[in-house]
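Take a look at the structure set out below.
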Amino acid sequence: MSSTKLNYEGVLLFEQPFARVPYENYRKVFRATQRNIERELGNVQTVSNDLLQRSKSREVNLEDAAKSVDGMIGRVENLKRKLSELQDTAGKPTLDVTRERLQHLMAVETLQTTGSLDFSRWADTRLDRWLVDWALRTGRENTARTLAQDRNIETLVDIDLFTDIRRIELALSKHSCTEALAWCSENKTALRKIKTTLEFELRLQEYIELARDQKKQEAMAYSKKHLVSWQETHLPQIMQAATLLAIKPSTTCGPYRRLYDDSRWLDLIQAFRLAIYNLNSLPTEPLLNLALYSGLASLKLPSCNDRSSHNIDCPVCDPSINTLAREVPFSHHANSTIVCRISGKIMDEDNMPMVFQNGQVYSREALEDMAAKHNGMVTCQVTGQTCEFSALKKVFIS
């Protein structure tokens, strides 16, 4: 088995979302914990301050004070129970997933070459992860679950994330913004950091639907509650939306017809998908496709587009893969490598290239093997020309 030194940094190029997804999940657990603590301890602080003020003015008796203290103890015990449940149901499982994924990445640090058996096993697991990722992105959830269970990699793939994405996208396709807005609320701080306007677009769409149904009073109330707060950055769109109340959905006026157009729901699905991918550092293309692109780009040559020079051992020349290869640039080689069209082996000083009179070149080993089977005669695979092996000439590459 041939071996090359393992490029650890190159391996990790594809692994950012692998570690980022459980990190984002734990951030949600942390924020939920923080909200519970702030709410419950805030109430305790308020009661204790009130009790302190009344005790200073001698307006409290021992019975009332005891009830207040019992109430504060009850709130703290309730908080402890909530935090314990949150840790057991979400916190600990997420930390376990994070730990297992980091251990999976750390395992490759100990490997030195790509030819080792351990790296082959690690690479097989990575390929299984990429196949699950591809299946989830293309709507094949059952296939993804079956593969993950069969390979025992449930903690190494993001089935729950893509199930959530699918659920929200399905709701948007049914003209409901409720699920997507709830997701925006859960991730408000993170969405603000990546400067997405998804929440505004969702609010605008709900307003448009009220205008479509001619519910003018509800639409105006909705605008005051949810759209006016965006006026510093979206005032032109808000003003245009306000005009919708005077315009029917059947309008032929371009700007307002586009607002009423159902294609906006498809735009919202794309915007949501882009936002959640950005939040979790997920590429818009399946990881399997990106890996194929990078591999094909390192192999693609101008001759791969020439049917007469196709190589049976070249992945780029394979008809089923060539479609993907069309989208990638040609590889850059400082020194050319000549490969025999018959055997697929490299032609060098130990396997000299031999040329027919028509200019077609093949390796000496392949032609010697052909001559041994056909009484010293060799045939050009491109033109069908036949001649004696002794009539061929060597080619010296400078």
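For the structure tokens, the naming scheme is as follows: chains receive sequential letters (A, B, ...) according to their order of presentation, residues are indexed from 1 within each chain, and ligands are indexed from 1 in presentation order.
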**Exercise: Ala135 (chain A) partners within 10 Å, only C-alpha atoms, chain neighbours under 5 positions left out, as a list in words** =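 Residues near the query, excluding close chain neighbours: Arg129, Trp130, Arg140, Glu141, Asn142, Thr143, Ala144, Arg145, Leu147, Ile159 and Pro286 of chain A.
For Asn187 (chain A), the non-local neighbours within 12 Å, defined as residues at least 6 positions apart in the same chain or in other chains and counting only C-alpha atoms, are Glu24, Asn25, Arg27, Lys28, Val29, Arg31, Ala32, Ala180, Leu181, Lys193, Ile194, Thr196, Leu198, Glu199, Ala275, Ile276, Leu279 and Asn280 of chain A.
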Just N, CA and C atoms for this one: save the residues we selected as a compact mmCIF listing (two decimals), in the first residue's frame.
```
# COMPACT_ATOMS: atom_id res chain seq x y z
N GLU A 24 -22.96 25.19 18.94
CA GLU A 24 -24.12 26.07 18.85
C GLU A 24 -25.29 25.51 19.66
N ASN A 25 -25.42 24.20 19.68
CA ASN A 25 -26.49 23.58 20.47
C ASN A 25 -26.28 23.84 21.96
N ARG A 27 -24.69 26.36 23.22
CA ARG A 27 -24.94 27.79 23.46
C ARG A 27 -26.43 28.02 23.75
N LYS A 28 -27.29 27.29 23.07
CA LYS A 28 -28.73 27.42 23.33
C LYS A 28 -29.05 26.94 24.75
N VAL A 29 -28.42 25.84 25.16
CA VAL A 29 -28.63 25.35 26.53
C VAL A 29 -28.16 26.39 27.53
N ARG A 31 -27.93 29.66 27.10
CA ARG A 31 -28.84 30.81 27.11
C ARG A 31 -30.13 30.49 27.88
N ALA A 32 -30.64 29.26 27.71
CA ALA A 32 -31.84 28.87 28.45
C ALA A 32 -31.56 28.85 29.95
N ALA A 180 -40.51 29.54 11.80
CA ALA A 180 -39.27 30.26 11.48
C ALA A 180 -39.06 31.44 12.42
N LEU A 181 -40.13 32.13 12.79
CA LEU A 181 -40.02 33.26 13.72
C LEU A 181 -39.62 32.78 15.12
N LYS A 193 -25.46 39.06 14.90
CA LYS A 193 -24.03 39.10 14.63
C LYS A 193 -23.71 38.83 13.16
N ILE A 194 -24.48 37.95 12.53
CA ILE A 194 -24.22 37.65 11.12
C ILE A 194 -25.00 38.59 10.19
N THR A 196 -28.18 39.20 9.39
CA THR A 196 -29.21 38.70 8.48
C THR A 196 -30.51 39.47 8.70
N LEU A 198 -33.46 38.10 7.99
CA LEU A 198 -34.48 37.06 7.89
C LEU A 198 -35.71 37.40 8.71
N GLU A 199 -35.54 37.83 9.96
CA GLU A 199 -36.69 38.11 10.82
C GLU A 199 -37.57 39.21 10.22
N ALA A 275 -29.31 31.33 6.50
CA ALA A 275 -29.06 31.83 7.86
C ALA A 275 -28.66 30.69 8.79
N ILE A 276 -29.38 29.58 8.75
CA ILE A 276 -29.06 28.48 9.67
C ILE A 276 -27.76 27.79 9.29
N LEU A 279 -25.04 30.10 10.61
CA LEU A 279 -24.98 30.03 12.06
C LEU A 279 -24.19 28.81 12.53
N ASN A 280 -24.25 27.74 11.76
CA ASN A 280 -23.56 26.50 12.14
C ASN A 280 -22.32 26.23 11.29
```
**Prompt:** Residues at most 12 Å from Gly74 (chain A), counting only C-alpha atoms, excluding those fewer than 4 positions away in the same chain, as a PyMOL selection string?
**Reply:** chain A and resi 40-41+43-44+67-70+78-81
Export, as a JSON list (two decimals), in the first residue's frame, the selected residues with N, CA and C atoms.
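That gives us part09.json:
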```json
[["chain", "number", "residue", "atom", "x", "y", "z"],
["A", 40, "GLU", "N", -35.61, 33.85, 37.86],
["A", 40, "GLU", "CA", -35.92, 33.39, 39.22],
["A", 40, "GLU", "C", -35.14, 34.18, 40.28],
["A", 41, "LEU", "N", -33.86, 34.40, 40.05],
["A", 41, "LEU", "CA", -33.08, 35.14, 41.04],
["A", 41, "LEU", "C", -33.46, 36.62, 41.05],
["A", 43, "ASN", "N", -36.55, 37.67, 40.75],
["A", 43, "ASN", "CA", -37.72, 37.70, 41.64],
["A", 43, "ASN", "C", -37.31, 37.59, 43.10],
["A", 44, "VAL", "N", -36.33, 36.70, 43.36],
["A", 44, "VAL", "CA", -35.84, 36.55, 44.73],
["A", 44, "VAL", "C", -35.22, 37.86, 45.22],
["A", 67, "LYS", "N", -42.99, 33.83, 55.67],
["A", 67, "LYS", "CA", -43.63, 33.46, 54.39],
["A", 67, "LYS", "C", -42.80, 33.93, 53.20],
["A", 68, "SER", "N", -42.24, 35.15, 53.31],
["A", 68, "SER", "CA", -41.41, 35.68, 52.20],
["A", 68, "SER", "C", -40.15, 34.84, 52.01],
["A", 69, "VAL", "N", -39.53, 34.49, 53.12],
["A", 69, "VAL", "CA", -38.32, 33.66, 53.04],
["A", 69, "VAL", "C", -38.64, 32.29, 52.47],
["A", 70, "ASP", "N", -39.76, 31.70, 52.92],
["A", 70, "ASP", "CA", -40.18, 30.39, 52.37],
["A", 70, "ASP", "C", -40.44, 30.48, 50.87],
["A", 78, "ASN", "N", -37.04, 25.49, 43.01],
["A", 78, "ASN", "CA", -37.65, 25.29, 41.70],
["A", 78, "ASN", "C", -36.64, 25.55, 40.59],
["A", 79, "LEU", "N", -35.81, 26.58, 40.79],
["A", 79, "LEU", "CA", -34.75, 26.88, 39.82],
["A", 79, "LEU", "C", -33.76, 25.73, 39.74],
["A", 80, "LYS", "N", -33.38, 25.20, 40.89],
["A", 80, "LYS", "CA", -32.44, 24.07, 40.91],
["A", 80, "LYS", "C", -33.00, 22.88, 40.15],
["A", 81, "ARG", "N", -34.29, 22.61, 40.33],
["A", 81, "ARG", "CA", -34.93, 21.48, 39.63],
["A", 81, "ARG", "C", -34.93, 21.71, 38.12]]
```
**Request:** Once DSSP has gone over the backbone, tell me which residues of region 109-274 of chain A are in alpha helix (DSSP H), as number ranges by chain.
**Result:** A: 117-137, 141-151, 159-173, 178-186, 188-193, 198-212, 216-222, 231-243, 254-260, 263-274
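Take CA of Arg137 (chain A) and CA of Ser185 (chain A): the distance between them is 24.1 Å.
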**Item:** Non-local contacts of region 221-229 of chain A (10 Å; only C-alpha atoms; under 6 positions in same chain excluded) as a VMD selection string
**Value:** chain A and resid 199 to 201 203 to 204 206 to 207 210 235 237 to 239 241 to 242
Keeping only N, CA and C atoms, take the residues you just selected and write them out as an mmCIF file, in the first residue's frame.
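Now in again25.cif:
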```
data_model
loop_
_atom_site.group_PDB
_atom_site.id
_atom_site.type_symbol
_atom_site.label_atom_id
_atom_site.label_comp_id
_atom_site.auth_asym_id
_atom_site.auth_seq_id
_atom_site.Cartn_x
_atom_site.Cartn_y
_atom_site.Cartn_z
ATOM 1 N N GLU A 199 -35.535 37.832 9.961
ATOM 2 C CA GLU A 199 -36.694 38.115 10.816
ATOM 3 C C GLU A 199 -37.568 39.212 10.219
ATOM 4 N N PHE A 200 -36.952 40.264 9.680
ATOM 5 C CA PHE A 200 -37.737 41.328 9.058
ATOM 6 C C PHE A 200 -38.529 40.793 7.872
ATOM 7 N N GLU A 201 -37.890 39.983 7.035
ATOM 8 C CA GLU A 201 -38.573 39.437 5.854
ATOM 9 C C GLU A 201 -39.744 38.558 6.255
ATOM 10 N N ARG A 203 -41.501 38.889 9.104
ATOM 11 C CA ARG A 203 -42.526 39.801 9.608
ATOM 12 C C ARG A 203 -43.242 40.496 8.452
ATOM 13 N N LEU A 204 -42.467 40.898 7.465
ATOM 14 C CA LEU A 204 -43.059 41.561 6.301
ATOM 15 C C LEU A 204 -44.023 40.623 5.576
ATOM 16 N N GLU A 206 -45.769 38.141 6.884
ATOM 17 C CA GLU A 206 -47.009 38.015 7.654
ATOM 18 C C GLU A 206 -47.901 39.243 7.446
ATOM 19 N N TYR A 207 -47.284 40.417 7.370
ATOM 20 C CA TYR A 207 -48.040 41.643 7.083
ATOM 21 C C TYR A 207 -48.673 41.567 5.694
ATOM 22 N N LEU A 210 -51.800 39.529 5.663
ATOM 23 C CA LEU A 210 -52.947 40.264 6.212
ATOM 24 C C LEU A 210 -53.499 41.233 5.183
ATOM 25 N N LEU A 235 -36.780 51.432 6.122
ATOM 26 C CA LEU A 235 -37.882 52.377 5.965
ATOM 27 C C LEU A 235 -38.521 52.337 4.572
ATOM 28 N N GLN A 237 -38.882 49.868 2.471
ATOM 29 C CA GLN A 237 -39.703 48.664 2.342
ATOM 30 C C GLN A 237 -40.966 48.765 3.203
ATOM 31 N N ILE A 238 -40.832 49.363 4.388
ATOM 32 C CA ILE A 238 -41.995 49.527 5.263
ATOM 33 C C ILE A 238 -42.999 50.476 4.632
ATOM 34 N N MET A 239 -42.521 51.573 4.034
ATOM 35 C CA MET A 239 -43.418 52.526 3.376
ATOM 36 C C MET A 239 -44.111 51.889 2.186
ATOM 37 N N ALA A 241 -44.719 48.699 1.872
ATOM 38 C CA ALA A 241 -45.674 47.738 2.414
ATOM 39 C C ALA A 241 -46.937 48.431 2.889
ATOM 40 N N ALA A 242 -46.804 49.635 3.443
ATOM 41 C CA ALA A 242 -47.978 50.375 3.916
ATOM 42 C C ALA A 242 -48.942 50.663 2.771
#
```
**Item:** Between CA of Glu388 (chain A) and CA of Ala366 (chain A), distance in Å (one decimal)
**Value:**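 Rounded to one decimal, the two atoms are 14.1 Å apart.
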Restrict the calculation to only C-alpha atoms, then for each residue of region 131-184 of chain A with any atom at most 10 Å from an atom of region 91-110 of chain A give the closest atom pair and their distance in Å to one decimal, rows by chain and rising residue number, as CSV.
```
residue,atom,partner,partner_atom,distance
A:Glu154,CA,A:Val97,CA,9.3
A:Thr155,CA,A:Val97,CA,5.6
A:Leu156,CA,A:Arg101,CA,6.2
A:Val157,CA,A:Arg101,CA,9.4
```
Can I get the selection written as a compact mmCIF listing (two decimals), in the first residue's frame, with all heavy atoms?
```txt
# COMPACT_ATOMS: atom_id res chain seq x y z
N GLU A 154 -24.32 7.88 14.96
CA GLU A 154 -25.40 8.85 15.24
C GLU A 154 -24.88 10.12 15.88
O GLU A 154 -25.39 11.21 15.60
CB GLU A 154 -26.46 8.22 16.14
CG GLU A 154 -27.29 7.13 15.47
CD GLU A 154 -26.78 5.75 15.80
OE1 GLU A 154 -25.56 5.60 16.02
OE2 GLU A 154 -27.61 4.83 15.85
N THR A 155 -23.88 10.00 16.76
CA THR A 155 -23.36 11.19 17.44
C THR A 155 -22.42 12.00 16.56
O THR A 155 -22.05 13.13 16.91
CB THR A 155 -22.61 10.80 18.73
OG1 THR A 155 -21.55 9.89 18.40
CG2 THR A 155 -23.55 10.15 19.72
N LEU A 156 -22.04 11.47 15.41
CA LEU A 156 -21.09 12.16 14.52
C LEU A 156 -21.79 12.83 13.35
O LEU A 156 -21.11 13.40 12.48
CB LEU A 156 -20.04 11.16 13.99
CG LEU A 156 -19.21 10.41 15.05
CD1 LEU A 156 -18.20 9.50 14.37
CD2 LEU A 156 -18.51 11.38 15.98
N VAL A 157 -23.12 12.77 13.30
CA VAL A 157 -23.87 13.40 12.21
C VAL A 157 -24.97 14.28 12.79
O VAL A 157 -25.32 14.15 13.97
CB VAL A 157 -24.48 12.34 11.26
CG1 VAL A 157 -23.39 11.62 10.48
CG2 VAL A 157 -25.32 11.33 12.03
```
